[in-house]
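Q: Let me begin by handing over the structure; questions about it come next.
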Amino acid sequence: MTENTVQVRFTVPEMDCSSCAATVDGALSDIDGVTSVDPAAATGRVTVSYDPSLTDSDQLAAAIEAAGYEVTGTGGDELGEQSIWTSPRAVKTAVSAVLLAGGLAVLLAGVDRPLLTVLGTEHTLSDLAFIGGTVVGGEIILRNGAVSVRERSLDIDFLMSAAIVGAVAASLGFGEGLYFEAATLAVLFNVAELLEAYSMDRARNSLRELMDLSPDQARVTRDGEEMLVPAEDVAVGERVSVQPGEKIPVDGIVQEGQSAVDQSPVTGESVPVEKSSGEEVYAGTVTETGYLEVETTAPAGEHTLAKIIDLVEDAQTNKTEREQFVDRFAGYYTPVVVALAVVAMVGPPLVLGASWSQWFVYGLTLLVLACPCAFVISTPVSVVSGLTSAAKNGVLIKGGDHLEAMGAVNAVALDKTGTLTRGELTVTDVIGVEGTDEDELLAYASAIEGRSEHPFATAINDRADERDVERPSVSNFEAILGKGVRADVDGQTHYAGKPALFEELGFDLSHVHAATDGGVAVAPSEIEDCPRDNCVDLLAETIPDLQAAGKTVALIGTDEQLLGVIAVADEIRPGAASMVERLHTLGVEHVVMLTGDNERTARAIAEEVGVDEYRAELLPEQKADALEELEAEYGEVAMVGDGINDAPALATATVGIAMGAAGTDTAIETADIALMGDDISKLPYLRDLAGRANGVIRQNIWASLGVKATLVVLVPFGLVPIWVAVLLGDAGMTVGVTGNAMRLSRIQP
């Protein structure tokens, strides 16, 4: 959006099919100032961007209602939940059905008799009952059909209106006696529309459940008095108190109290997490046993759960390749079948002398079958079911196209630190050289790394804090991409980084003198021509031994003196090995670990986890290159990383997946898919869900297309009554594809 454009989202529950969405789109697009319209029939929402100097939300809402669709809310208002079966359409349908049944009863009882003559055609009691049913039930159809004519839309309302008007006109003008067919169309089409609305409401329930996770009220203290206020009225910085068993109404930081918190609504974690002072909590999560006071860090509409809901809704506008195919196909299907209907109505009677009434009914039946509603809705209902199911299990998928792509990936690339491992490094070894003791080495290392956000730096600083080491002053900090860091400590330039960095500085790492043993057995080397007995070959002995144990090594020193070696280790996440095995079971051909860490450490982690391949000592751009190579060999590739450091690789992959995105705006906004918690076991669930979603979409497309095609072919043989075309070809398939899509909501991690 530009600076002069604003956006509004309308809730339009009756917009429940592709033709409805097209009608709403057309009504809004004609308004001056509207820059974009994104209707989503699967969620009953339409998002409009417009220039406020040329129009406003009231005018936009009026345009939607003029097109025949009620607007029940804007912005974050919930989807309409009025009962479909007590709506005005349902009442009119019931009355229409009674009149249709009454007419049939008169015919079957043999008491039908003429009542009046119109335009030379005699009308009986049953005819009047059928006409009454047509008028009552057809009113809403014809009203919507008139809108379709105005919008020049060849949609279901137009087609059904044409069929009903045609049947009545043929009866009045040509004495064909098609009042029963007209009444049947009116009743059954309304029943089909009600069933379709009911089916779509079921699909929307999963999204509504997501919305209901966020509490409406918050308990705050103002002017010394505790009170309940609407959650949207809580300002950033205010304190909210949460009793045991209550939902936390805001994103924030715990200030007082301690409690286990069920974070499954946001992160999908099955086990409650202990929260105490200084820790982050999310709106919609539930306290279990303790009391918390939380300082709000985000407004009601911008907390993590609200972002998830918004992104799930927005994801509907990202069409999958299959959905795009369906839309293209539907653009040809409807005109072709309408043309066939016209040919059926006039061709056989004119050319072959066939019955006008019989072939007119066949033509009406083809008009009914010309609408591809069930076919078009088959993909979006599957997508919305899959996306909302994933969101409720802590997996945020940013679009149906990403869900589809994830189901087709043949290779998965995994970052090491923070993905396969916990990302919480701890110092295991501190080895001083050339007279530097352990505390002195930690002091220099923590000073150099003090401004770095790398997990390695955090581990060193934590160890220095544990030992209460006094840090010297530091200035001119600079990161050396892929190699380490540089800073001035007490006025002298110091370095911390990989052994290769110090080799570039000219150090002979094969011959140093150990000052202390801080954790590993440093065996002296027999180096000729050196009078000292504590010689150490770091390259051949110490560093390889540490790396073989799965540890990461950094050297500390100046450009003149090496001060020592520090090693850290990162624990492999529980379930990482079973995750890799499960991915293979689900059809992923190749799992590779990409890391900037050294060869030995990478090998140790790779062997323990069981990946097919590992690539070590990669710079960020080299990870992106590796993704391109994998795509060339395997096709679709997913990359799993932290969403920030691995940004180039995530962007290069077919699907970029960010770990632990809850509360991290950058990861949520940049990744294609975000695992909200730090649970790598959700990756197989994601792959399983995506694969099954693709299967359901294929089933829905081909089933709906197959049924429609079969019915169209059978119509000229007189094997498809008009009620079968309406109930099976329209309502039945809509209910069927929606019910099939709902199976995705039952898939659990």
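In the structure tokens, chains take the letters A, B, ... in the order shown, each chain's residues start at 1, and ligands count up from 1 in the order shown.
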Neighbours of Ala576 in chain A within 12 Å (only C-alpha atoms; same-chain residues fewer than 5 positions away dropped), as an MDAnalysis selection string?

A: chainID A and resid 414 416 418:422 571 581:583 591 593 605:611 678:684

Q: Let's have the selection written as a PDB file, in the first residue's frame, with N, CA and C atoms.

A:
```pdb
ATOM      1  N   LEU A 414      18.877 -28.488   6.660  1.00  0.00           N
ATOM      2  CA  LEU A 414      18.724 -28.092   8.056  1.00  0.00           C
ATOM      3  C   LEU A 414      19.945 -27.325   8.521  1.00  0.00           C
ATOM      4  N   LYS A 416      22.361 -26.149  11.515  1.00  0.00           N
ATOM      5  CA  LYS A 416      22.756 -26.898  12.714  1.00  0.00           C
ATOM      6  C   LYS A 416      22.366 -26.154  13.993  1.00  0.00           C
ATOM      7  N   GLY A 418      20.716 -24.099  16.637  1.00  0.00           N
ATOM      8  CA  GLY A 418      19.380 -23.575  16.860  1.00  0.00           C
ATOM      9  C   GLY A 418      18.301 -24.339  16.137  1.00  0.00           C
ATOM     10  N   THR A 419      18.702 -25.273  15.284  1.00  0.00           N
ATOM     11  CA  THR A 419      17.715 -26.075  14.556  1.00  0.00           C
ATOM     12  C   THR A 419      17.863 -27.538  14.952  1.00  0.00           C
ATOM     13  N   LEU A 420      18.980 -28.164  14.567  1.00  0.00           N
ATOM     14  CA  LEU A 420      19.240 -29.531  15.025  1.00  0.00           C
ATOM     15  C   LEU A 420      19.738 -29.547  16.466  1.00  0.00           C
ATOM     16  N   THR A 421      20.372 -28.465  16.872  1.00  0.00           N
ATOM     17  CA  THR A 421      20.822 -28.343  18.258  1.00  0.00           C
ATOM     18  C   THR A 421      19.996 -27.267  18.948  1.00  0.00           C
ATOM     19  N   ARG A 422      20.122 -27.182  20.262  1.00  0.00           N
ATOM     20  CA  ARG A 422      19.307 -26.234  21.023  1.00  0.00           C
ATOM     21  C   ARG A 422      19.700 -24.791  20.764  1.00  0.00           C
ATOM     22  N   GLU A 571      23.976 -28.838  22.721  1.00  0.00           N
ATOM     23  CA  GLU A 571      23.264 -30.106  22.866  1.00  0.00           C
ATOM     24  C   GLU A 571      22.319 -30.335  21.686  1.00  0.00           C
ATOM     25  N   GLU A 581      14.563 -39.517  10.459  1.00  0.00           N
ATOM     26  CA  GLU A 581      14.049 -40.819  10.031  1.00  0.00           C
ATOM     27  C   GLU A 581      12.601 -40.700   9.545  1.00  0.00           C
ATOM     28  N   ARG A 582      11.806 -39.914  10.261  1.00  0.00           N
ATOM     29  CA  ARG A 582      10.396 -39.736   9.887  1.00  0.00           C
ATOM     30  C   ARG A 582      10.262 -39.005   8.549  1.00  0.00           C
ATOM     31  N   LEU A 583      11.124 -38.024   8.304  1.00  0.00           N
ATOM     32  CA  LEU A 583      11.099 -37.326   7.013  1.00  0.00           C
ATOM     33  C   LEU A 583      11.342 -38.299   5.868  1.00  0.00           C
ATOM     34  N   VAL A 591      18.159 -35.540   3.162  1.00  0.00           N
ATOM     35  CA  VAL A 591      18.212 -34.585   4.272  1.00  0.00           C
ATOM     36  C   VAL A 591      19.667 -34.187   4.477  1.00  0.00           C
ATOM     37  N   MET A 593      22.540 -31.360   6.289  1.00  0.00           N
ATOM     38  CA  MET A 593      22.812 -30.347   7.304  1.00  0.00           C
ATOM     39  C   MET A 593      23.790 -29.326   6.741  1.00  0.00           C
ATOM     40  N   ILE A 605      27.988 -34.170  14.702  1.00  0.00           N
ATOM     41  CA  ILE A 605      26.543 -33.920  14.813  1.00  0.00           C
ATOM     42  C   ILE A 605      25.789 -34.703  13.737  1.00  0.00           C
ATOM     43  N   ALA A 606      26.312 -34.680  12.506  1.00  0.00           N
ATOM     44  CA  ALA A 606      25.640 -35.352  11.387  1.00  0.00           C
ATOM     45  C   ALA A 606      25.512 -36.847  11.631  1.00  0.00           C
ATOM     46  N   GLU A 607      26.581 -37.466  12.151  1.00  0.00           N
ATOM     47  CA  GLU A 607      26.543 -38.903  12.412  1.00  0.00           C
ATOM     48  C   GLU A 607      25.526 -39.244  13.490  1.00  0.00           C
ATOM     49  N   GLU A 608      25.433 -38.394  14.512  1.00  0.00           N
ATOM     50  CA  GLU A 608      24.500 -38.668  15.602  1.00  0.00           C
ATOM     51  C   GLU A 608      23.048 -38.484  15.170  1.00  0.00           C
ATOM     52  N   VAL A 609      22.798 -37.481  14.330  1.00  0.00           N
ATOM     53  CA  VAL A 609      21.429 -37.190  13.903  1.00  0.00           C
ATOM     54  C   VAL A 609      20.992 -38.117  12.767  1.00  0.00           C
ATOM     55  N   GLY A 610      21.921 -38.503  11.904  1.00  0.00           N
ATOM     56  CA  GLY A 610      21.587 -39.433  10.830  1.00  0.00           C
ATOM     57  C   GLY A 610      21.199 -38.793   9.521  1.00  0.00           C
ATOM     58  N   VAL A 611      21.698 -37.568   9.259  1.00  0.00           N
ATOM     59  CA  VAL A 611      21.391 -36.925   7.979  1.00  0.00           C
ATOM     60  C   VAL A 611      22.150 -37.631   6.858  1.00  0.00           C
ATOM     61  N   ASP A 678      10.251 -23.961  19.492  1.00  0.00           N
ATOM     62  CA  ASP A 678      11.548 -24.551  19.148  1.00  0.00           C
ATOM     63  C   ASP A 678      11.439 -26.076  19.112  1.00  0.00           C
ATOM     64  N   ASP A 679      10.481 -26.583  18.379  1.00  0.00           N
ATOM     65  CA  ASP A 679      10.218 -28.020  18.355  1.00  0.00           C
ATOM     66  C   ASP A 679      10.446 -28.550  16.946  1.00  0.00           C
ATOM     67  N   ILE A 680      11.603 -29.159  16.741  1.00  0.00           N
ATOM     68  CA  ILE A 680      11.967 -29.658  15.422  1.00  0.00           C
ATOM     69  C   ILE A 680      11.091 -30.836  15.007  1.00  0.00           C
ATOM     70  N   SER A 681      10.435 -31.486  15.985  1.00  0.00           N
ATOM     71  CA  SER A 681       9.578 -32.627  15.651  1.00  0.00           C
ATOM     72  C   SER A 681       8.348 -32.198  14.869  1.00  0.00           C
ATOM     73  N   LYS A 682       8.038 -30.881  14.824  1.00  0.00           N
ATOM     74  CA  LYS A 682       6.896 -30.410  14.041  1.00  0.00           C
ATOM     75  C   LYS A 682       7.168 -30.481  12.533  1.00  0.00           C
ATOM     76  N   LEU A 683       8.433 -30.659  12.161  1.00  0.00           N
ATOM     77  CA  LEU A 683       8.773 -30.694  10.738  1.00  0.00           C
ATOM     78  C   LEU A 683       8.134 -31.893  10.029  1.00  0.00           C
ATOM     79  N   PRO A 684       8.213 -33.114  10.587  1.00  0.00           N
ATOM     80  CA  PRO A 684       7.507 -34.225   9.941  1.00  0.00           C
ATOM     81  C   PRO A 684       5.995 -34.006   9.900  1.00  0.00           C
TER      82      PRO A 684
END
```

Q: Contacts of range 468-477 of chain A at 7 Å or less, counting only C-alpha atoms, minus same-chain residues fewer than 3 places along, as a list in words?

A: Asp439, Ala443, Tyr444, Ser446, Ala447, Ile448, Ala464, Asp465, Arg486, Ala487, Asp488, Val489 and Asp490 of chain A

Q: Store the residues picked out above, limited to all heavy atoms, as an mmCIF file, in the first residue's frame.

A:
```cif
data_model
loop_
_atom_site.group_PDB
_atom_site.id
_atom_site.type_symbol
_atom_site.label_atom_id
_atom_site.label_comp_id
_atom_site.auth_asym_id
_atom_site.auth_seq_id
_atom_site.Cartn_x
_atom_site.Cartn_y
_atom_site.Cartn_z
ATOM 1 N N ASP A 439 41.209 -17.327 33.829
ATOM 2 C CA ASP A 439 40.421 -16.120 34.083
ATOM 3 C C ASP A 439 40.837 -14.977 33.168
ATOM 4 O O ASP A 439 39.995 -14.206 32.683
ATOM 5 C CB ASP A 439 40.555 -15.690 35.547
ATOM 6 C CG ASP A 439 39.731 -16.563 36.484
ATOM 7 O OD1 ASP A 439 38.942 -17.389 35.972
ATOM 8 O OD2 ASP A 439 39.863 -16.427 37.710
ATOM 9 N N ALA A 443 38.481 -13.143 30.476
ATOM 10 C CA ALA A 443 38.297 -11.694 30.551
ATOM 11 C C ALA A 443 38.446 -11.065 29.172
ATOM 12 O O ALA A 443 37.607 -10.251 28.745
ATOM 13 C CB ALA A 443 39.301 -11.090 31.528
ATOM 14 N N TYR A 444 39.520 -11.416 28.470
ATOM 15 C CA TYR A 444 39.722 -10.861 27.128
ATOM 16 C C TYR A 444 38.637 -11.352 26.157
ATOM 17 O O TYR A 444 38.105 -10.577 25.351
ATOM 18 C CB TYR A 444 41.105 -11.247 26.602
ATOM 19 C CG TYR A 444 42.222 -10.408 27.174
ATOM 20 C CD1 TYR A 444 43.193 -10.960 28.010
ATOM 21 C CD2 TYR A 444 42.315 -9.046 26.869
ATOM 22 C CE1 TYR A 444 44.219 -10.190 28.539
ATOM 23 C CE2 TYR A 444 43.336 -8.271 27.389
ATOM 24 C CZ TYR A 444 44.281 -8.840 28.226
ATOM 25 O OH TYR A 444 45.286 -8.058 28.747
ATOM 26 N N SER A 446 35.523 -12.403 26.771
ATOM 27 C CA SER A 446 34.206 -11.821 27.026
ATOM 28 C C SER A 446 34.171 -10.336 26.676
ATOM 29 O O SER A 446 33.136 -9.817 26.254
ATOM 30 C CB SER A 446 33.805 -12.031 28.487
ATOM 31 O OG SER A 446 34.739 -11.413 29.363
ATOM 32 N N ALA A 447 35.316 -9.660 26.805
ATOM 33 C CA ALA A 447 35.374 -8.249 26.401
ATOM 34 C C ALA A 447 35.213 -8.118 24.892
ATOM 35 O O ALA A 447 34.448 -7.284 24.389
ATOM 36 C CB ALA A 447 36.687 -7.632 26.860
ATOM 37 N N ILE A 448 35.942 -8.968 24.145
ATOM 38 C CA ILE A 448 35.868 -8.922 22.680
ATOM 39 C C ILE A 448 34.466 -9.284 22.197
ATOM 40 O O ILE A 448 33.911 -8.652 21.294
ATOM 41 C CB ILE A 448 36.904 -9.888 22.060
ATOM 42 C CG1 ILE A 448 38.321 -9.494 22.482
ATOM 43 C CG2 ILE A 448 36.793 -9.895 20.536
ATOM 44 C CD1 ILE A 448 39.357 -10.565 22.171
ATOM 45 N N ALA A 464 32.043 -16.173 31.882
ATOM 46 C CA ALA A 464 32.755 -15.083 32.561
ATOM 47 C C ALA A 464 31.947 -14.544 33.735
ATOM 48 O O ALA A 464 32.495 -14.222 34.804
ATOM 49 C CB ALA A 464 33.050 -13.967 31.563
ATOM 50 N N ASP A 465 30.631 -14.456 33.547
ATOM 51 C CA ASP A 465 29.772 -13.994 34.640
ATOM 52 C C ASP A 465 29.774 -14.982 35.796
ATOM 53 O O ASP A 465 29.793 -14.588 36.972
ATOM 54 C CB ASP A 465 28.333 -13.793 34.131
ATOM 55 C CG ASP A 465 28.211 -12.605 33.188
ATOM 56 O OD1 ASP A 465 29.093 -11.719 33.239
ATOM 57 O OD2 ASP A 465 27.241 -12.569 32.401
ATOM 58 N N ARG A 486 36.568 -8.657 15.860
ATOM 59 C CA ARG A 486 37.763 -7.886 16.184
ATOM 60 C C ARG A 486 37.331 -6.709 17.058
ATOM 61 O O ARG A 486 36.278 -6.116 16.846
ATOM 62 C CB ARG A 486 38.407 -7.401 14.898
ATOM 63 C CG ARG A 486 39.556 -6.395 15.097
ATOM 64 C CD ARG A 486 40.256 -6.113 13.766
ATOM 65 N NE ARG A 486 39.297 -5.783 12.715
ATOM 66 C CZ ARG A 486 39.394 -6.216 11.458
ATOM 67 N NH1 ARG A 486 40.397 -6.974 11.094
ATOM 68 N NH2 ARG A 486 38.497 -5.881 10.564
ATOM 69 N N ALA A 487 38.153 -6.361 18.071
ATOM 70 C CA ALA A 487 37.843 -5.215 18.927
ATOM 71 C C ALA A 487 39.125 -4.726 19.593
ATOM 72 O O ALA A 487 40.103 -5.486 19.738
ATOM 73 C CB ALA A 487 36.805 -5.585 19.980
ATOM 74 N N ASP A 488 39.129 -3.469 19.995
ATOM 75 C CA ASP A 488 40.261 -2.909 20.732
ATOM 76 C C ASP A 488 40.003 -3.089 22.220
ATOM 77 O O ASP A 488 39.006 -2.588 22.754
ATOM 78 C CB ASP A 488 40.428 -1.427 20.413
ATOM 79 C CG ASP A 488 40.897 -1.187 18.980
ATOM 80 O OD1 ASP A 488 41.385 -2.150 18.362
ATOM 81 O OD2 ASP A 488 40.751 -0.051 18.491
ATOM 82 N N VAL A 489 40.894 -3.814 22.875
ATOM 83 C CA VAL A 489 40.794 -4.054 24.313
ATOM 84 C C VAL A 489 41.969 -3.369 24.989
ATOM 85 O O VAL A 489 43.137 -3.667 24.677
ATOM 86 C CB VAL A 489 40.792 -5.559 24.632
ATOM 87 C CG1 VAL A 489 40.646 -5.777 26.135
ATOM 88 C CG2 VAL A 489 39.678 -6.264 23.881
ATOM 89 N N ASP A 490 41.654 -2.437 25.882
ATOM 90 C CA ASP A 490 42.698 -1.633 26.541
ATOM 91 C C ASP A 490 43.624 -1.005 25.507
ATOM 92 O O ASP A 490 44.854 -0.956 25.680
ATOM 93 C CB ASP A 490 43.502 -2.492 27.526
ATOM 94 C CG ASP A 490 42.698 -2.821 28.780
ATOM 95 O OD1 ASP A 490 41.707 -2.089 29.050
ATOM 96 O OD2 ASP A 490 43.041 -3.789 29.471
#
```

Q: Determine which residues of range 477-637 of chain A DSSP labels as alpha helix (DSSP H) from the backbone of this structure, then write them out as a ChimeraX atom specification.

A: /A:499-504,543-548,576-585,599-609,620-634

Q: Hey, what's within 12 Å of range 600-602 of chain A if we count only C-alpha atoms and toss same-chain stuff fewer than 6 positions away? As a short mmCIF file (atom, residue, chain, number, x, y, z; two decimals) with N, CA and C atoms, in the first residue's frame, please?

A:
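For reference, around.cif as written:
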```cif
data_model
loop_
_atom_site.label_atom_id
_atom_site.label_comp_id
_atom_site.auth_asym_id
_atom_site.auth_seq_id
_atom_site.Cartn_x
_atom_site.Cartn_y
_atom_site.Cartn_z
N LEU A 414 18.88 -28.49 6.66
CA LEU A 414 18.72 -28.09 8.06
C LEU A 414 19.95 -27.33 8.52
N ASP A 415 19.72 -26.16 9.09
CA ASP A 415 20.80 -25.46 9.78
C ASP A 415 21.15 -26.27 11.03
N LYS A 416 22.36 -26.15 11.51
CA LYS A 416 22.76 -26.90 12.71
C LYS A 416 22.37 -26.15 13.99
N THR A 417 23.01 -25.02 14.23
CA THR A 417 22.84 -24.31 15.49
C THR A 417 21.45 -23.71 15.60
N LEU A 420 18.98 -28.16 14.57
CA LEU A 420 19.24 -29.53 15.02
C LEU A 420 19.74 -29.55 16.47
N THR A 421 20.37 -28.47 16.87
CA THR A 421 20.82 -28.34 18.26
C THR A 421 20.00 -27.27 18.95
N ILE A 543 42.95 -28.98 18.73
CA ILE A 543 41.74 -28.55 18.01
C ILE A 543 41.02 -29.75 17.39
N PRO A 544 41.68 -30.67 16.70
CA PRO A 544 40.97 -31.84 16.17
C PRO A 544 40.30 -32.68 17.24
N ASP A 545 40.96 -32.83 18.41
CA ASP A 545 40.35 -33.62 19.49
C ASP A 545 39.06 -32.97 19.99
N LEU A 546 39.10 -31.64 20.14
CA LEU A 546 37.89 -30.92 20.59
C LEU A 546 36.78 -31.03 19.55
N GLN A 547 37.14 -30.85 18.29
CA GLN A 547 36.13 -30.90 17.23
C GLN A 547 35.57 -32.30 17.05
N ALA A 548 36.40 -33.31 17.25
CA ALA A 548 35.92 -34.69 17.12
C ALA A 548 34.88 -35.00 18.18
N ALA A 549 34.93 -34.27 19.29
CA ALA A 549 33.94 -34.44 20.36
C ALA A 549 32.69 -33.61 20.10
N GLY A 550 32.59 -32.99 18.92
CA GLY A 550 31.41 -32.21 18.58
C GLY A 550 31.43 -30.81 19.14
N LYS A 551 32.61 -30.31 19.48
CA LYS A 551 32.72 -28.97 20.06
C LYS A 551 33.18 -27.97 19.01
N THR A 552 32.80 -26.73 19.23
CA THR A 552 33.23 -25.64 18.35
C THR A 552 34.34 -24.88 19.05
N VAL A 553 35.38 -24.55 18.29
CA VAL A 553 36.60 -23.97 18.86
C VAL A 553 36.80 -22.55 18.35
N ALA A 567 36.53 -23.70 23.85
CA ALA A 567 35.64 -24.60 23.14
C ALA A 567 34.26 -24.56 23.77
N VAL A 568 33.26 -24.63 22.94
CA VAL A 568 31.87 -24.67 23.42
C VAL A 568 31.16 -25.83 22.75
N ALA A 569 30.10 -26.30 23.36
CA ALA A 569 29.32 -27.40 22.81
C ALA A 569 27.84 -27.04 22.86
N ASP A 570 27.11 -27.61 21.96
CA ASP A 570 25.67 -27.35 21.83
C ASP A 570 24.95 -28.70 21.85
N ILE A 572 22.35 -31.53 21.15
CA ILE A 572 21.42 -31.89 20.07
C ILE A 572 20.01 -31.95 20.63
N VAL A 592 19.95 -32.89 4.39
CA VAL A 592 21.32 -32.40 4.48
C VAL A 592 21.43 -31.35 5.58
N MET A 593 22.54 -31.36 6.29
CA MET A 593 22.81 -30.35 7.30
C MET A 593 23.79 -29.33 6.74
N LEU A 594 23.45 -28.06 6.82
CA LEU A 594 24.31 -26.97 6.37
C LEU A 594 24.75 -26.17 7.59
N GLU A 608 25.43 -38.39 14.51
CA GLU A 608 24.50 -38.67 15.60
C GLU A 608 23.05 -38.48 15.17
N VAL A 609 22.80 -37.48 14.33
CA VAL A 609 21.43 -37.19 13.90
C VAL A 609 20.99 -38.12 12.77
N GLY A 610 21.92 -38.50 11.90
CA GLY A 610 21.59 -39.43 10.83
C GLY A 610 21.20 -38.79 9.52
N VAL A 611 21.70 -37.57 9.26
CA VAL A 611 21.39 -36.93 7.98
C VAL A 611 22.15 -37.63 6.86
N GLU A 613 23.71 -36.15 4.38
CA GLU A 613 24.88 -35.39 3.93
C GLU A 613 25.05 -34.20 4.86
N TYR A 614 26.27 -33.74 5.00
CA TYR A 614 26.49 -32.48 5.72
C TYR A 614 27.50 -31.65 4.94
N ARG A 615 27.36 -30.35 5.06
CA ARG A 615 28.31 -29.42 4.44
C ARG A 615 28.72 -28.42 5.52
N ALA A 616 30.01 -28.35 5.76
CA ALA A 616 30.53 -27.56 6.87
C ALA A 616 31.28 -26.33 6.38
N GLU A 617 31.56 -25.42 7.34
CA GLU A 617 32.36 -24.22 7.12
C GLU A 617 31.80 -23.37 5.98
N LEU A 618 30.47 -23.23 5.97
CA LEU A 618 29.79 -22.45 4.93
C LEU A 618 29.51 -21.03 5.40
#
```

Q: Identify, on the basis of only C-alpha atoms, every residue whose closest approach to Pro215 in chain A does not exceed 10 Å; exclude the query and any residue fewer than 3 positions from it along the same chain; express the result as a PyMOL selection string.

A: chain A and resi 211-212+218+230-232+246-250+283-285

Q: For the structure I just gave you, how does DSSP split range 320-461 of chain A - specifically, which residues are strand (DSSP E or B)? Reply as a PyMOL selection string.

A: chain A and resi 395-397+411-415+421+426-433

Q: Given only C-alpha atoms as the basis, pick out the residue of A:Glu14, A:Asp251, A:Glu279, A:Glu628 nearest to Glu65 in chain A.

A: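 Of all the options, A:Glu14 lies closest to Glu65 in chain A.
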
Q: Just to confirm, what's the straight-line distance from CA of Leu562 in chain A to CA of Asn461 in chain A in Å (one decimal)?

A: 19.7 Å

Q: Excluding His402 in chain A and residues on its chain fewer than 4 positions from it, collect all residues at most 7 Å away from it, counting only C-alpha atoms, and give them as a PyMOL selection string.

A: chain A and resi 397-398+406+655+672

Q: Kindly export the residues of the current selection with all heavy atoms, as a compact mmCIF listing (two decimals), in the first residue's frame.

A:
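File part.txt, as written:
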```txt
# COMPACT_ATOMS: atom_id res chain seq x y z
N ILE A 397 1.74 -21.17 8.34
CA ILE A 397 2.02 -21.29 6.91
C ILE A 397 1.49 -20.04 6.23
O ILE A 397 0.32 -19.70 6.36
CB ILE A 397 1.35 -22.55 6.32
CG1 ILE A 397 1.81 -23.80 7.10
CG2 ILE A 397 1.70 -22.71 4.85
CD1 ILE A 397 1.10 -25.07 6.70
N LYS A 398 2.35 -19.34 5.49
CA LYS A 398 2.03 -18.01 4.98
C LYS A 398 1.22 -18.02 3.68
O LYS A 398 0.92 -16.96 3.14
CB LYS A 398 3.32 -17.23 4.75
CG LYS A 398 4.18 -17.06 6.00
CD LYS A 398 3.63 -15.99 6.91
CE LYS A 398 3.91 -14.63 6.35
NZ LYS A 398 5.33 -14.31 6.28
N MET A 406 5.40 -27.48 0.11
CA MET A 406 5.98 -28.31 1.16
C MET A 406 5.62 -29.77 0.97
O MET A 406 6.39 -30.66 1.30
CB MET A 406 5.52 -27.80 2.53
CG MET A 406 6.20 -28.49 3.70
SD MET A 406 7.99 -28.19 3.72
CE MET A 406 8.55 -29.59 4.71
N VAL A 655 10.89 -23.56 -0.18
CA VAL A 655 10.13 -23.22 1.03
C VAL A 655 11.12 -22.89 2.14
O VAL A 655 11.97 -23.71 2.47
CB VAL A 655 9.22 -24.39 1.48
CG1 VAL A 655 8.40 -23.97 2.70
CG2 VAL A 655 8.31 -24.83 0.36
N ASP A 672 8.48 -18.33 4.80
CA ASP A 672 7.29 -18.88 4.15
C ASP A 672 6.45 -19.64 5.16
O ASP A 672 5.23 -19.61 5.13
CB ASP A 672 7.70 -19.82 3.01
CG ASP A 672 8.49 -19.11 1.92
OD1 ASP A 672 8.21 -17.93 1.66
OD2 ASP A 672 9.41 -19.73 1.36
```

Q: Between CA of Ile156 in chain A and CA of Gln59 in chain A, measure the distance and give it in Å to one decimal.

A: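 Between CA of Ile156 in chain A and CA of Gln59 in chain A the gap is 26.2 Å.
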